[in-house]
Amino acid sequence: MSTAEEDRTSRRLAWCVAHLLRHAPDHVVTDMIGRLDEPTRKYLCRDEWLSASTVTLLLRHGGAADRTFIARNPRVVGRPLPGLPGPARYARRRTPPELLPVLRAELGRDPAEEPPAATELVGLLRRHGRRGPRVPLDILALRHRADPGQLLAEHLREPLPTGAVEALLLVEDLPLETVHAFLAAPARPSDGRSWHRPAVRAVRMGRVTHEELVTHIAPAHRTLLLARLPDTDGLRWTLPEQAGMQTAVLRALRPLGDDPRLWAELLRHAPGHRGPLPELVAALADGTVPEAADVGEPGPDLVRAVRHLTPTAGEPYGGVERELALTSLAVPMDSVAEDIRWVRDCLDRGLLTGQDVIRHKLPACWALDQDHWLGDVDHPDRHNRPTAVLASHAEADQLLALALDEDPEAWWSVARTLPEFAGTLPHLLLRVTEGGSVSGRS
């Protein structure tokens with residue numbers, strides 16, 4: 001039976017690991033989870049804010065205990081876990097009576113008498129999948145004869161509407177390779193601004209990780225747009241999901257460094273490149289990208305997305321007030337509420353940015369946890385200062401990538417050191433990479 005001190009240690013390590021996993025590549029996430037002892041893993045799954053990709057990997061590679069604990073976690077929302085609403089709820093929906101006469105007329109028979117064949121099912125999905133997944137879900141609730149391979153072949157021959165693809169992801173038990181292939185196929189031009197819905201739905205359901213989206217989504221400009229979706233109504237990223245997508249895209253763009261010429265070439269070639277984003281980035285870094293066909297100027301949404309991702313070196317101006325604000329990050333106020341009020345006020349006045357908090361706030365584990373400097377908000381989108389959250393995520397991504405790269409041992413060393421470290425995150429990474437003392441105390 002664990003002592004109170006051991007229990008506290010396990011809880012604190014789980015808290016720190018949850019923050020690090022938001023910034024780690026998928027293979028590092030899997031490796032780090034496998035290193036946790038049973039109590040720490042339980043607290044991680046049951047109590048912590050987990051990124052969408054972490055939940056997906058735990059569901060994919062974890063055991064029954066992991067699934068049970070995740071299902072009890074009130075901070076994991078929108079995913080089909082034991083005890084939570086999921087695809088089964090949609091599969092049990094009854095087909096509305098007014099739809100049956102339409103399907104009977106299109107098939108020339110009653111669907112209840114003879115299930116639709118694969119080609120008939122695809123035809124129904126093509127005709128009724130243009131306005132979201134609701135009607136395609138009703139169609140798939142009928143008995144039908146179609147295997148995932150046939151559906152994928154039809155989709156690759158002529159892309160299905162996004163509503164139909166979203167419905168297939170919701171209720172069909174598709175193999176992982178088939179899900180990747182569905183998302184990799186280009187969307188139809190007529191889908192307009194709903195093209196992103198299958199990608200968002202696949203992540204939210206735990207079918208794929210953000211890193212897998214970046215690897216498989218084509219063409220390249222759609223991956224860039226997923227990192228900063230246009231402002232539209234309907235299904236969209238929550239703020240933590242958007243931060244995870246931004247992290248995955250920035251990891252793919254890392255070979256470009258901070259060379260403005262390469263970033264300009266990215267914006268010029270992305271609209272005409274038909275392959276995935278990592279393929280385009282590798283070609284740009286090697287100087288082997290073929291001359292793109294003239295596809296016109298990039299759209300405003302793509303320009304905005306690339307500008308959002310491009311490294312910037314600008315610093316806010318504030319003189320003495322800014323210096324005092326930076327110093328205050330290392331000197332906590334009398335209470336957490338007062339500390340949060342002060343940091344939020346400095347962010348609103350432009351004296352601090354999210355990057356500043358990551359670089360200067362003590363201790364490092366508090367800097368990585370936005371709840372410690374923006375306050376705890378109990379809803380899926382969470383914080384009402386998204387610019388600061390996304391900027392802090394990007395800065396932490398860059399610092400961790402430069403120091404640790406993709407070495408699982410280095411990431412694990414940081415995870416074990418972080419709970420008791422009293423210095424800043426750059427200080428911690430410097431100590432770990434240099435192999436010196438990591439106590440953080442002089």
# chains A, B, ... in the order shown; residues from 1 in each chain; ligands from 1

$ residues_around --residues "A:Asp47" --least-positions-apart "6" --cutoff "8 Å" --atoms "only C-alpha atoms" --output "VMD selection string"
chain A and resid 73 to 75

$ write_last_selection --atoms "C-alpha atoms" --output "PDB file, in the first residue's frame"
ATOM      1  CA  ASN A  73     -11.820  11.492 -16.532  1.00  0.00           C
ATOM      2  CA  PRO A  74     -14.187  14.505 -16.599  1.00  0.00           C
ATOM      3  CA  ARG A  75     -11.607  16.472 -18.595  1.00  0.00           C
TER       4      ARG A  75
END

$ residues_around --residues "stretch 410-424 of chain A" --least-positions-apart "6" --cutoff "10 Å" --atoms "only C-alpha atoms" --output "ChimeraX atom specification"
/A:9-21,24,28-29,31-33,35-36,329-330,357-367,400-401,403-404,430-433,438-442

$ residues_around --residues "A:Pro386" --least-positions-apart "3" --cutoff "10 Å" --atoms "only C-alpha atoms" --output "list in words"
Leu239, Pro240, Gln242, Ala243, Gly354, Asp381, Arg382, His383, Val389, Leu390, Ala391 and Ser392 of chain A

$ closest_residue --among "A:Trp49, A:Val77, A:Gly34, A:Met245" --to "A:Gly63" --atoms "only C-alpha atoms"
A:Gly34

$ select_by_dssp --residues "stretch 294-428 of chain A" --states "alpha helix (DSSP H)" --output "PyMOL selection string"
chain A and resi 300-309+319-328+336-348+354-360+364-368+371-374+386-404+408-417+425-428

$ closest_residue --among "A:Ala164, A:Ala117, A:Leu425, A:Leu125" --to "A:Asp147" --atoms "only C-alpha atoms"
A:Ala117
